[in-house]
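Chemist: Sharing protein-v2.tsv below, TSV, C-alpha atoms:
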```
chain	number	residue	atom	x	y	z
R	1	MET	CA	30.46	-22.56	-19.97
R	2	ARG	CA	28.17	-20.55	-17.70
R	3	GLN	CA	31.16	-19.10	-15.81
R	4	ASN	CA	32.83	-18.12	-19.11
R	5	ASN	CA	29.68	-16.27	-20.16
R	6	LEU	CA	29.60	-14.40	-16.86
R	7	ILE	CA	33.25	-13.42	-17.22
R	8	LEU	CA	32.73	-12.19	-20.76
R	9	SER	CA	29.72	-10.14	-19.63
R	10	MET	CA	31.73	-8.40	-16.93
R	11	LEU	CA	34.73	-7.97	-19.21
R	12	SER	CA	32.68	-6.31	-21.93
R	13	ALA	CA	30.92	-4.02	-19.47
R	14	ALA	CA	34.11	-2.88	-17.77
R	15	ALA	CA	36.26	-2.47	-20.87
R	16	ALA	CA	35.21	1.12	-21.42
R	17	VAL	CA	35.69	2.24	-17.80
R	18	THR	CA	38.18	5.10	-17.62
R	19	ALA	CA	37.00	7.33	-14.70
R	20	ASN	CA	35.71	7.00	-11.14
R	21	ILE	CA	32.90	4.49	-10.85
R	22	MET	CA	30.30	5.90	-8.48
R	23	TYR	CA	27.84	3.98	-6.36
R	24	PRO	CA	24.25	5.30	-6.51
R	25	ASN	CA	23.32	8.30	-4.42
R	26	ILE	CA	21.67	7.69	-1.07
R	27	THR	CA	17.93	8.31	-0.69
R	28	GLY	CA	17.45	8.88	3.05
R	29	PRO	CA	16.97	12.22	4.81
R	30	TYR	CA	20.58	12.40	6.05
R	31	ARG	CA	23.81	12.99	4.17
R	32	VAL	CA	26.43	10.35	5.03
R	33	GLY	CA	30.12	10.27	5.83
R	34	TYR	CA	32.45	7.43	6.69
R	35	LYS	CA	35.73	6.78	8.47
R	36	HIS	CA	37.99	3.70	8.42
R	37	LEU	CA	39.15	2.65	11.90
R	38	GLU	CA	41.73	0.12	13.04
R	39	LEU	CA	40.69	-1.69	16.23
R	40	VAL	CA	43.46	-3.59	18.04
R	41	ASP	CA	42.34	-5.97	20.80
R	42	HIS	CA	45.38	-6.11	23.10
R	43	GLY	CA	43.50	-8.42	25.43
R	44	ARG	CA	43.15	-11.18	22.83
R	45	LYS	CA	45.92	-13.00	20.98
R	46	GLU	CA	45.51	-13.91	17.30
R	47	ILE	CA	44.98	-17.69	17.28
R	48	TYR	CA	45.48	-17.96	13.51
R	49	SER	CA	49.01	-16.51	13.52
R	50	SER	CA	52.15	-18.19	14.81
R	51	SER	CA	53.36	-14.84	16.15
R	52	HIS	CA	50.23	-14.56	18.32
R	53	GLN	CA	50.05	-10.81	17.93
R	54	PRO	CA	46.94	-9.02	19.26
R	55	ARG	CA	43.77	-9.53	17.25
R	56	ASP	CA	43.75	-6.62	14.78
R	57	LEU	CA	40.50	-5.58	13.08
R	58	MET	CA	39.71	-3.08	10.38
R	59	SER	CA	36.33	-1.41	10.42
R	60	THR	CA	34.40	1.36	8.70
R	61	LEU	CA	31.99	3.66	10.51
R	62	PHE	CA	29.20	5.08	8.32
R	63	TYR	CA	27.28	7.97	9.86
R	64	PRO	CA	24.95	10.89	9.18
R	65	ILE	CA	26.64	14.24	8.67
R	66	ALA	CA	25.38	17.83	8.79
R	67	ASP	CA	23.24	19.13	5.94
R	68	ASN	CA	25.57	22.12	5.63
R	69	GLN	CA	28.78	20.06	5.50
R	70	ARG	CA	30.81	21.97	2.92
R	71	ASN	CA	33.78	19.75	2.18
R	72	CYS	CA	32.99	16.33	0.77
R	73	ASN	CA	36.00	14.22	-0.11
R	74	ILE	CA	35.21	11.45	-2.58
R	75	GLU	CA	37.81	8.71	-2.23
R	76	PRO	CA	38.33	5.24	-3.75
R	77	LEU	CA	36.51	2.69	-1.61
R	78	ILE	CA	38.01	-0.68	-2.53
R	79	THR	CA	41.49	-1.25	-1.09
R	80	PRO	CA	44.25	-2.21	-3.58
R	81	LEU	CA	44.55	-5.96	-2.92
R	82	LEU	CA	40.79	-6.44	-2.68
R	83	ALA	CA	40.36	-4.50	-5.92
R	84	GLN	CA	43.00	-6.67	-7.60
R	85	TYR	CA	41.26	-9.79	-6.32
R	86	LEU	CA	37.89	-8.62	-7.68
R	87	ASP	CA	39.43	-7.75	-11.06
R	88	GLY	CA	40.73	-11.31	-11.28
R	89	LEU	CA	37.59	-12.96	-9.90
R	90	LEU	CA	35.41	-11.32	-12.54
R	91	SER	CA	38.06	-11.09	-15.29
R	92	ALA	CA	37.57	-7.33	-15.42
R	93	PRO	CA	40.26	-5.07	-16.90
R	94	SER	CA	43.04	-4.38	-14.42
R	95	GLY	CA	42.22	-1.38	-12.29
R	96	THR	CA	38.44	-1.54	-12.67
R	97	PHE	CA	37.48	-2.07	-9.04
R	98	LYS	CA	39.97	0.35	-7.55
R	99	GLN	CA	37.93	3.09	-9.24
R	100	PHE	CA	34.75	2.36	-7.28
R	101	ALA	CA	33.82	5.24	-4.96
R	102	LEU	CA	30.92	6.14	-2.70
R	103	PRO	CA	29.07	9.45	-3.00
R	104	SER	CA	29.36	9.60	0.81
R	105	CYS	CA	31.97	11.96	2.25
R	106	ALA	CA	35.19	10.37	3.49
R	107	ASN	CA	36.35	11.60	6.92
R	108	ALA	CA	33.54	14.14	7.25
R	109	ASP	CA	32.36	15.22	10.71
R	110	LEU	CA	29.95	12.85	12.44
R	111	ALA	CA	26.95	15.03	13.29
R	112	HIS	CA	24.54	12.86	15.27
R	113	PRO	CA	26.12	10.71	18.00
R	114	GLU	CA	22.69	10.42	19.61
R	115	LEU	CA	21.40	8.26	16.75
R	116	PRO	CA	21.41	4.47	17.29
R	117	LEU	CA	24.45	2.33	16.58
R	118	VAL	CA	24.20	-0.84	14.49
R	119	LEU	CA	27.13	-3.20	13.83
R	120	PHE	CA	27.61	-5.26	10.64
R	121	SER	CA	29.43	-8.59	10.06
R	122	HIS	CA	30.36	-9.73	6.53
R	123	GLY	CA	30.04	-13.20	5.00
R	124	TYR	CA	32.80	-15.82	4.96
R	125	LYS	CA	35.59	-14.84	2.54
R	126	GLY	CA	33.84	-11.52	2.18
R	127	SER	CA	34.77	-7.98	3.15
R	128	ARG	CA	33.09	-5.13	4.98
R	129	LEU	CA	33.70	-3.03	1.85
R	130	LEU	CA	31.54	-5.30	-0.30
R	131	TYR	CA	28.42	-4.11	1.52
R	132	ALA	CA	29.16	-0.39	1.50
R	133	GLY	CA	26.45	0.46	-1.05
R	134	PHE	CA	23.78	-0.93	1.26
R	135	LEU	CA	25.37	0.35	4.47
R	136	GLN	CA	25.62	3.97	3.32
R	137	GLU	CA	21.96	3.80	2.27
R	138	PHE	CA	20.89	2.40	5.64
R	139	ALA	CA	22.95	5.05	7.46
R	140	SER	CA	21.14	7.76	5.49
R	141	TYR	CA	17.95	6.85	7.35
R	142	GLY	CA	19.41	7.86	10.69
R	143	TYR	CA	21.91	5.27	11.92
R	144	ASN	CA	25.57	5.12	12.87
R	145	VAL	CA	26.80	1.85	11.35
R	146	LEU	CA	30.06	0.09	12.20
R	147	ALA	CA	31.09	-2.58	9.66
R	148	VAL	CA	33.81	-4.96	10.86
R	149	ASP	CA	36.29	-7.14	8.96
R	150	HIS	CA	37.21	-10.55	10.41
R	151	PRO	CA	40.94	-11.17	9.65
R	152	PHE	CA	42.03	-14.61	8.34
R	153	ASP	CA	38.34	-15.19	7.53
R	154	ALA	CA	37.82	-12.22	5.18
R	155	THR	CA	39.15	-12.42	1.62
R	156	VAL	CA	41.79	-9.84	2.52
R	157	VAL	CA	42.16	-7.22	5.24
R	158	GLU	CA	44.44	-4.24	4.50
R	159	TYR	CA	45.86	-2.02	7.24
R	160	PRO	CA	46.91	1.64	7.22
R	161	ASP	CA	50.61	0.73	7.64
R	162	GLY	CA	50.61	-1.41	4.49
R	163	ARG	CA	50.21	-4.81	6.13
R	164	SER	CA	47.64	-7.22	4.73
R	165	GLN	CA	46.09	-10.53	5.70
R	166	PHE	CA	44.45	-12.94	3.27
R	167	ASN	CA	42.10	-15.76	4.18
R	168	THR	CA	44.19	-18.73	5.31
R	169	LEU	CA	41.60	-20.90	7.04
R	170	SER	CA	41.02	-24.55	6.17
R	171	ASP	CA	37.32	-24.85	5.39
R	172	ASP	CA	37.10	-28.58	6.10
R	173	ARG	CA	39.01	-28.78	9.39
R	174	PRO	CA	36.84	-30.41	12.08
R	175	GLY	CA	35.34	-27.83	14.42
R	176	ILE	CA	36.30	-24.88	12.24
R	177	ILE	CA	32.73	-23.53	11.96
R	178	GLU	CA	32.24	-23.25	15.73
R	179	GLU	CA	35.78	-21.97	16.29
R	180	VAL	CA	35.53	-19.18	13.71
R	181	LEU	CA	32.06	-18.28	14.91
R	182	ASN	CA	33.37	-17.77	18.45
R	183	VAL	CA	36.19	-15.57	17.14
R	184	ARG	CA	33.73	-13.53	15.08
R	185	VAL	CA	31.39	-12.99	18.03
R	186	ALA	CA	34.34	-11.83	20.15
R	187	ASP	CA	35.26	-9.44	17.30
R	188	MET	CA	31.80	-7.86	17.36
R	189	ILE	CA	31.72	-7.49	21.14
R	190	PHE	CA	35.20	-5.91	21.11
R	191	ALA	CA	34.18	-3.59	18.26
R	192	LEU	CA	31.23	-2.41	20.32
R	193	ASP	CA	33.48	-1.91	23.36
R	194	SER	CA	35.82	0.14	21.15
R	195	MET	CA	33.06	2.66	20.53
R	196	ASN	CA	33.42	3.50	24.24
R	197	ASN	CA	37.21	3.87	23.96
R	198	LYS	CA	38.19	7.53	23.63
R	199	THR	CA	41.48	6.56	21.98
R	200	ILE	CA	39.39	5.13	19.14
R	201	THR	CA	36.46	7.54	19.08
R	202	SER	CA	38.78	10.56	19.11
R	203	GLN	CA	39.80	9.50	15.60
R	204	VAL	CA	36.25	10.03	14.33
R	205	PRO	CA	35.92	13.59	12.99
R	206	GLY	CA	33.28	15.59	14.82
R	207	LEU	CA	32.82	13.14	17.68
R	208	ASN	CA	35.31	14.92	19.97
R	209	ASN	CA	34.28	14.31	23.58
R	210	LYS	CA	30.83	13.07	22.65
R	211	ALA	CA	29.99	9.38	22.85
R	212	LEU	CA	27.99	6.95	20.78
R	213	ARG	CA	25.34	5.00	22.63
R	214	THR	CA	26.66	1.48	23.20
R	215	ASP	CA	24.28	0.06	25.78
R	216	HIS	CA	21.34	-0.51	23.42
R	217	VAL	CA	22.47	-1.40	19.90
R	218	GLY	CA	21.63	-3.47	16.85
R	219	ILE	CA	23.62	-5.93	14.79
R	220	MET	CA	23.20	-7.40	11.31
R	221	GLY	CA	25.16	-9.55	8.91
R	222	HIS	CA	25.13	-11.65	5.76
R	223	SER	CA	25.77	-15.40	5.54
R	224	TYR	CA	28.32	-16.26	8.24
R	225	GLY	CA	27.74	-12.69	9.39
R	226	GLY	CA	24.12	-13.66	9.96
R	227	SER	CA	25.29	-16.55	12.13
R	228	THR	CA	27.56	-14.10	13.94
R	229	THR	CA	24.61	-11.77	14.47
R	230	PHE	CA	22.43	-14.51	15.95
R	231	GLN	CA	25.08	-15.77	18.38
R	232	THR	CA	26.22	-12.28	19.40
R	233	THR	CA	22.71	-11.34	20.54
R	234	ALA	CA	22.75	-14.41	22.80
R	235	ASN	CA	26.20	-13.64	24.23
R	236	ASP	CA	25.80	-9.91	24.94
R	237	THR	CA	22.50	-8.33	25.97
R	238	ARG	CA	23.56	-4.88	24.75
R	239	PHE	CA	22.65	-6.19	21.29
R	240	VAL	CA	18.87	-5.94	21.56
R	241	ALA	CA	17.97	-6.58	17.91
R	242	GLY	CA	19.60	-8.54	15.08
R	243	THR	CA	19.02	-9.02	11.35
R	244	SER	CA	20.39	-11.97	9.39
R	245	PHE	CA	20.60	-11.82	5.61
R	246	ASP	CA	20.50	-15.45	4.49
R	247	GLY	CA	22.73	-16.63	7.33
R	248	PRO	CA	22.35	-20.03	9.04
R	249	PHE	CA	21.58	-20.06	12.75
R	250	TRP	CA	24.75	-21.80	13.92
R	251	GLY	CA	26.22	-21.77	17.41
R	252	SER	CA	24.88	-22.54	20.87
R	253	ALA	CA	22.09	-19.99	20.39
R	254	ASN	CA	20.55	-22.57	18.06
R	255	THR	CA	19.38	-24.41	21.19
R	256	THR	CA	19.53	-21.77	23.95
R	257	GLY	CA	17.78	-19.09	21.90
R	258	THR	CA	18.02	-15.34	22.43
R	259	ASP	CA	15.99	-12.59	24.07
R	260	ALA	CA	16.82	-10.16	21.27
R	261	ALA	CA	14.39	-9.28	18.50
R	262	ILE	CA	15.38	-11.18	15.34
R	263	MET	CA	14.62	-10.65	11.65
R	264	LEU	CA	15.70	-13.18	9.03
R	265	MET	CA	15.62	-12.20	5.36
R	266	ALA	CA	16.45	-15.28	3.31
R	267	ALA	CA	17.13	-15.99	-0.33
R	268	LEU	CA	14.46	-17.93	-2.15
R	269	GLN	CA	17.20	-20.45	-2.94
R	270	PRO	CA	19.52	-20.66	0.10
R	271	SER	CA	23.15	-21.51	-0.53
R	272	ASP	CA	22.76	-24.74	1.44
R	273	VAL	CA	19.56	-26.71	2.16
R	274	ASN	CA	21.10	-27.69	5.51
R	275	TRP	CA	20.55	-24.12	6.66
R	276	LEU	CA	16.77	-24.53	6.62
R	277	PRO	CA	16.64	-26.80	9.71
R	278	THR	CA	18.80	-24.32	11.65
R	279	TRP	CA	16.12	-21.68	11.10
R	280	ASP	CA	13.16	-24.00	11.72
R	281	ASN	CA	14.62	-25.56	14.86
R	282	SER	CA	15.75	-22.26	16.35
R	283	TRP	CA	12.53	-20.38	15.72
R	284	PRO	CA	10.68	-21.59	18.85
R	285	GLU	CA	13.70	-20.55	20.96
R	286	LEU	CA	13.43	-16.90	19.91
R	287	ARG	CA	11.75	-15.28	22.89
R	288	SER	CA	11.11	-11.79	21.54
R	289	PHE	CA	9.79	-10.26	18.33
R	290	LYS	CA	10.67	-12.37	15.29
R	291	ARG	CA	10.01	-12.18	11.57
R	292	ARG	CA	11.22	-14.36	8.70
R	293	PHE	CA	10.99	-13.26	5.09
R	294	GLU	CA	11.95	-14.69	1.72
R	295	VAL	CA	12.79	-12.57	-1.30
R	296	ASP	CA	11.65	-13.97	-4.64
R	297	GLY	CA	14.25	-14.04	-7.40
R	298	THR	CA	17.22	-13.97	-5.02
R	299	LEU	CA	20.26	-16.17	-4.46
R	300	HIS	CA	22.74	-16.13	-1.60
R	301	LEU	CA	24.94	-13.42	-3.17
R	302	SER	CA	21.96	-11.14	-3.74
R	303	PHE	CA	22.54	-9.64	-0.29
R	304	ASP	CA	26.01	-8.17	-0.85
R	305	ASP	CA	27.07	-5.43	-3.28
R	306	PHE	CA	27.77	-7.72	-6.24
R	307	PRO	CA	24.33	-7.10	-7.80
R	308	LEU	CA	24.82	-3.36	-7.36
R	309	MET	CA	28.30	-3.49	-8.91
R	310	ALA	CA	26.89	-5.46	-11.83
R	311	ASP	CA	24.21	-2.80	-12.31
R	312	ILE	CA	26.84	-0.06	-12.32
R	313	LEU	CA	29.01	-1.88	-14.86
R	314	GLY	CA	26.09	-3.01	-16.99
R	315	ALA	CA	27.05	-6.65	-16.48
R	316	ASP	CA	24.73	-9.64	-16.49
R	317	ILE	CA	25.68	-12.00	-13.64
R	318	LYS	CA	22.17	-13.20	-12.77
R	319	PRO	CA	23.20	-16.86	-12.39
R	320	LEU	CA	25.36	-15.72	-9.48
R	321	VAL	CA	23.22	-13.03	-7.88
R	322	GLY	CA	19.63	-13.73	-8.93
R	323	ASN	CA	17.09	-11.74	-10.88
R	324	VAL	CA	16.55	-8.78	-8.55
R	325	THR	CA	18.59	-5.75	-9.58
R	326	GLY	CA	21.20	-4.38	-7.23
R	327	SER	CA	19.41	-1.09	-6.71
R	328	ARG	CA	16.19	-2.92	-5.87
R	329	MET	CA	18.01	-5.20	-3.41
R	330	VAL	CA	19.44	-2.17	-1.62
R	331	GLU	CA	15.95	-0.65	-1.52
R	332	ILE	CA	14.44	-3.83	-0.03
R	333	GLN	CA	17.21	-4.40	2.50
R	334	SER	CA	17.23	-0.78	3.61
R	335	ALA	CA	13.45	-0.51	3.96
R	336	PHE	CA	13.05	-3.67	6.02
R	337	THR	CA	16.11	-3.14	8.23
R	338	THR	CA	15.12	0.49	8.85
R	339	SER	CA	11.61	-0.57	9.84
R	340	PHE	CA	12.98	-3.31	12.08
R	341	PHE	CA	15.64	-1.27	13.87
R	342	ASN	CA	13.34	1.77	14.10
R	343	GLN	CA	11.02	-0.35	16.20
R	344	PHE	CA	13.63	-1.59	18.66
R	345	LEU	CA	16.22	1.21	18.70
R	346	LYS	CA	14.00	4.26	18.15
R	347	SER	CA	10.59	3.07	19.44
R	348	GLN	CA	9.05	3.93	16.07
R	349	SER	CA	6.66	1.38	14.58
R	350	ASP	CA	5.04	0.94	11.21
R	351	ASP	CA	3.19	-1.97	9.62
R	352	LEU	CA	5.83	-2.96	7.05
R	353	LEU	CA	7.05	-6.05	8.91
R	354	ASP	CA	3.48	-7.36	9.18
R	355	MET	CA	3.14	-7.06	5.39
R	356	SER	CA	-0.38	-5.66	5.69
R	357	ASP	CA	0.13	-3.91	2.35
R	358	GLN	CA	2.44	-5.82	0.01
R	359	LYS	CA	1.92	-3.87	-3.19
R	360	ASP	CA	5.24	-2.02	-2.87
R	361	TRP	CA	7.16	-5.21	-2.03
R	362	PRO	CA	5.90	-7.98	-4.35
R	363	GLU	CA	9.24	-9.84	-4.10
R	364	VAL	CA	8.98	-10.22	-0.32
R	365	SER	CA	6.95	-12.91	1.46
R	366	ARG	CA	6.59	-13.39	5.18
R	367	VAL	CA	7.34	-17.02	6.04
R	368	MET	CA	7.12	-17.03	9.84
R	369	LYS	CA	6.04	-14.64	12.56
```
Mind turning the file's structure into structure tokens?
Modeler:
Amino acid sequence: MRQNNLILSMLSAAAAVTANIMYPNITGPYRVGYKHLELVDHGRKEIYSSSHQPRDLMSTLFYPIADNQRNCNIEPLITPLLAQYLDGLLSAPSGTFKQFALPSCANADLAHPELPLVLFSHGYKGSRLLYAGFLQEFASYGYNVLAVDHPFDATVVEYPDGRSQFNTLSDDRPGIIEEVLNVRVADMIFALDSMNNKTITSQVPGLNNKALRTDHVGIMGHSYGGSTTFQTTANDTRFVAGTSFDGPFWGSANTTGTDAAIMLMAALQPSDVNWLPTWDNSWPELRSFKRRFEVDGTLHLSFDDFPLMADILGADIKPLVGNVTGSRMVEIQSAFTTSFFNQFLKSQSDDLLDMSDQKDWPEVSRVMK
């Protein structure tokens, strides 16, 4: 019954949609552009395909652009099969989600390669594109952000040549969690390496012969992407700071720890109570700066773009995404991640993460320091 009510809410809200559906405007000091990039790892065979082709990732780079950028192409964000899947998942009228578009400028010139680079890993059966509302906002505060899809794990990955790959993994196969985690971590390390590959970076408008800084970077992710973040910081010391949005601390880093700075922002009601011990047990093994927060009124799906999409469509899906509005979730996530990464990637500190003044953030509580 509850699911039927949610579907009817989304259906009613989307029924009148006839034009482009725009995400909210960014609020940071920089305008933002983005570019989709295919990253093919010829040194790694795809273990989830019988053809064993090279591991083939899709990614999106969000980045600050020049204030005087004249041309701003607004393009549909959600790829066709993902849009079709979302229409069906939420019983929205056919074609609703393919109309979603960012106010950020597609394929605009990247203007600030000197700004820090932060990588992003999506949740299991998620998509890099389902966090774009938050990622463009974070980029507007002075970051180059590379969001990576994990094929066979993501809901669907769609490639420029028309190929696609849906999730085909067996969730209950013994050892699958550790296996997929290792693949994901390798994805993130390869994605970072790719930002040093001129064959790839030459595809980014405006970058030309300039290079992004890849020796001192951040990483963040939601759910399984949070697990990926945690383990990646332990495997590769170029990742000096990591943020997990309600992601369990799985992997060998659970016992070995990490030297990277870590911030955990958790839902008040985690998706699984078994995640709590992974955080508690790992906490003493974190050897650098660490902060753990909970956000009142949130559920596990509060940290992707579903709340924001519901806001845009005027739909009530609170039983799925919690009571905090999508725009407020983006504001919270962006403020805390900006403060965190400013400290470790820009050497700029404020007192937000110590919560010395909580009046602007009543939903957020610091759990551990």
Chemist: Quick one: residues within 9 Å of segment 258-265 of chain R, all atoms listed in the file counted, chain neighbours fewer than 6 positions away excluded, as an mmCIF file with C-alpha atoms, keeping the file's coordinate frame?
Modeler:
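Produced file part01.cif, reproduced below:
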```cif
data_model
loop_
_atom_site.group_PDB
_atom_site.id
_atom_site.type_symbol
_atom_site.label_atom_id
_atom_site.label_comp_id
_atom_site.auth_asym_id
_atom_site.auth_seq_id
_atom_site.Cartn_x
_atom_site.Cartn_y
_atom_site.Cartn_z
ATOM 1 C CA GLY R 226 24.120 -13.660 9.960
ATOM 2 C CA PHE R 230 22.430 -14.510 15.950
ATOM 3 C CA GLN R 231 25.080 -15.770 18.380
ATOM 4 C CA THR R 233 22.710 -11.340 20.540
ATOM 5 C CA ALA R 234 22.750 -14.410 22.800
ATOM 6 C CA ASN R 235 26.200 -13.640 24.230
ATOM 7 C CA THR R 237 22.500 -8.330 25.970
ATOM 8 C CA PHE R 239 22.650 -6.190 21.290
ATOM 9 C CA VAL R 240 18.870 -5.940 21.560
ATOM 10 C CA ALA R 241 17.970 -6.580 17.910
ATOM 11 C CA GLY R 242 19.600 -8.540 15.080
ATOM 12 C CA THR R 243 19.020 -9.020 11.350
ATOM 13 C CA SER R 244 20.390 -11.970 9.390
ATOM 14 C CA PHE R 245 20.600 -11.820 5.610
ATOM 15 C CA ASP R 246 20.500 -15.450 4.490
ATOM 16 C CA GLY R 247 22.730 -16.630 7.330
ATOM 17 C CA TRP R 279 16.120 -21.680 11.100
ATOM 18 C CA GLU R 285 13.700 -20.550 20.960
ATOM 19 C CA LEU R 286 13.430 -16.900 19.910
ATOM 20 C CA ARG R 287 11.750 -15.280 22.890
ATOM 21 C CA SER R 288 11.110 -11.790 21.540
ATOM 22 C CA PHE R 289 9.790 -10.260 18.330
ATOM 23 C CA LYS R 290 10.670 -12.370 15.290
ATOM 24 C CA ARG R 291 10.010 -12.180 11.570
ATOM 25 C CA ARG R 292 11.220 -14.360 8.700
ATOM 26 C CA PHE R 293 10.990 -13.260 5.090
ATOM 27 C CA GLU R 294 11.950 -14.690 1.720
ATOM 28 C CA VAL R 295 12.790 -12.570 -1.300
ATOM 29 C CA GLN R 333 17.210 -4.400 2.500
ATOM 30 C CA PHE R 336 13.050 -3.670 6.020
ATOM 31 C CA THR R 337 16.110 -3.140 8.230
ATOM 32 C CA PHE R 340 12.980 -3.310 12.080
ATOM 33 C CA PHE R 344 13.630 -1.590 18.660
ATOM 34 C CA VAL R 364 8.980 -10.220 -0.320
#
```
Chemist: At a cut-off of 10 Å, using only C-alpha atoms, what residues contact Arg328 of chain R? Leave out same-chain residues fewer than 5 positions from it and give the result as a compact mmCIF listing (two decimals) with C-alpha atoms, in the coordinates of the input.
Modeler:
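Output file around_28.txt follows:
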```txt
# COMPACT_ATOMS: atom_id res chain seq x y z
CA PRO R 307 24.33 -7.10 -7.80
CA LEU R 308 24.82 -3.36 -7.36
CA GLN R 333 17.21 -4.40 2.50
CA SER R 334 17.23 -0.78 3.61
CA GLU R 363 9.24 -9.84 -4.10
```
Chemist: Name the closest residue to Tyr143 of chain R among the candidates R:Val32, R:Leu115, R:Ala253, R:Leu57; distances are taken between atoms, counting only C-alpha atoms.
Modeler: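 Among R:Val32, R:Leu115, R:Ala253, R:Leu57, it is R:Leu115 that comes nearest to Tyr143 of chain R.
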Chemist: Report as JSON lines: every residue of segment 199-239 of chain R with an atom at most 10 Å from segment 118-141 of chain R, its closest pair of atoms, and their distance in Å to one decimal, counting all atoms listed in the file, with rows sorted by chain and ascending residue number.
Modeler:
```
{"residue": "R:Thr214", "atom": "CA", "partner": "R:Val118", "partner_atom": "CA", "distance": 9.3}
{"residue": "R:His216", "atom": "CA", "partner": "R:Val118", "partner_atom": "CA", "distance": 9.4}
{"residue": "R:Val217", "atom": "CA", "partner": "R:Val118", "partner_atom": "CA", "distance": 5.7}
{"residue": "R:Gly218", "atom": "CA", "partner": "R:Val118", "partner_atom": "CA", "distance": 4.4}
{"residue": "R:Ile219", "atom": "CA", "partner": "R:Leu119", "partner_atom": "CA", "distance": 4.5}
{"residue": "R:Met220", "atom": "CA", "partner": "R:Phe120", "partner_atom": "CA", "distance": 4.9}
{"residue": "R:Gly221", "atom": "CA", "partner": "R:Ser121", "partner_atom": "CA", "distance": 4.5}
{"residue": "R:His222", "atom": "CA", "partner": "R:Gly123", "partner_atom": "CA", "distance": 5.2}
{"residue": "R:Ser223", "atom": "CA", "partner": "R:Gly123", "partner_atom": "CA", "distance": 4.8}
{"residue": "R:Tyr224", "atom": "CA", "partner": "R:Gly123", "partner_atom": "CA", "distance": 4.8}
{"residue": "R:Gly225", "atom": "CA", "partner": "R:Ser121", "partner_atom": "CA", "distance": 4.5}
{"residue": "R:Gly226", "atom": "CA", "partner": "R:Ser121", "partner_atom": "CA", "distance": 7.3}
{"residue": "R:Ser227", "atom": "CA", "partner": "R:Gly123", "partner_atom": "CA", "distance": 9.2}
{"residue": "R:Thr228", "atom": "CA", "partner": "R:Ser121", "partner_atom": "CA", "distance": 7.0}
{"residue": "R:Thr229", "atom": "CA", "partner": "R:Ser121", "partner_atom": "CA", "distance": 7.3}
{"residue": "R:Phe239", "atom": "CA", "partner": "R:Val118", "partner_atom": "CA", "distance": 8.8}
```
Chemist: Would you save the residues of that selection, restricted to C-alpha atoms, as an mmCIF file, in the frame of the given file?
Modeler:
```cif
data_model
loop_
_atom_site.group_PDB
_atom_site.id
_atom_site.type_symbol
_atom_site.label_atom_id
_atom_site.label_comp_id
_atom_site.auth_asym_id
_atom_site.auth_seq_id
_atom_site.Cartn_x
_atom_site.Cartn_y
_atom_site.Cartn_z
ATOM 1 C CA THR R 214 26.660 1.480 23.200
ATOM 2 C CA HIS R 216 21.340 -0.510 23.420
ATOM 3 C CA VAL R 217 22.470 -1.400 19.900
ATOM 4 C CA GLY R 218 21.630 -3.470 16.850
ATOM 5 C CA ILE R 219 23.620 -5.930 14.790
ATOM 6 C CA MET R 220 23.200 -7.400 11.310
ATOM 7 C CA GLY R 221 25.160 -9.550 8.910
ATOM 8 C CA HIS R 222 25.130 -11.650 5.760
ATOM 9 C CA SER R 223 25.770 -15.400 5.540
ATOM 10 C CA TYR R 224 28.320 -16.260 8.240
ATOM 11 C CA GLY R 225 27.740 -12.690 9.390
ATOM 12 C CA GLY R 226 24.120 -13.660 9.960
ATOM 13 C CA SER R 227 25.290 -16.550 12.130
ATOM 14 C CA THR R 228 27.560 -14.100 13.940
ATOM 15 C CA THR R 229 24.610 -11.770 14.470
ATOM 16 C CA PHE R 239 22.650 -6.190 21.290
#
```
Chemist: So that I can see what lies close to Asn71 of chain R, please list as number ranges by chain the residues with an atom at most 10 Å from it, counting all atoms listed in the file and leaving out residues fewer than 5 positions away in the same chain.
Modeler: R: 105-109
Chemist: With C-alpha atoms kept, could you save the residues just selected as an mmCIF file, in the frame of the given file?
Modeler:
```cif
data_model
loop_
_atom_site.group_PDB
_atom_site.id
_atom_site.type_symbol
_atom_site.label_atom_id
_atom_site.label_comp_id
_atom_site.auth_asym_id
_atom_site.auth_seq_id
_atom_site.Cartn_x
_atom_site.Cartn_y
_atom_site.Cartn_z
ATOM 1 C CA CYS R 105 31.970 11.960 2.250
ATOM 2 C CA ALA R 106 35.190 10.370 3.490
ATOM 3 C CA ASN R 107 36.350 11.600 6.920
ATOM 4 C CA ALA R 108 33.540 14.140 7.250
ATOM 5 C CA ASP R 109 32.360 15.220 10.710
#
```
Chemist: Report as a PyMOL selection string all protein, DNA and RNA residues lying within 12 Å of Thr325 of chain R, evaluated on only C-alpha atoms, omitting residues in the same chain fewer than 6 positions from it.
Modeler: chain R and resi 296-299+301-312+314-318+331-332+363
Chemist: Can you measure atom CA of Asn68 of chain R to atom CA of Ala111 of chain R for me? One decimal in Å is fine.
Modeler: 10.5 Å
Chemist: Hey, which of R:Val145, R:Val367, R:Leu110, R:Met355 ends up closest to Leu61 of chain R? Count all atoms listed in the file.
Modeler: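 Residue with the minimum atom-to-atom distance to Leu61 of chain R: R:Val145.
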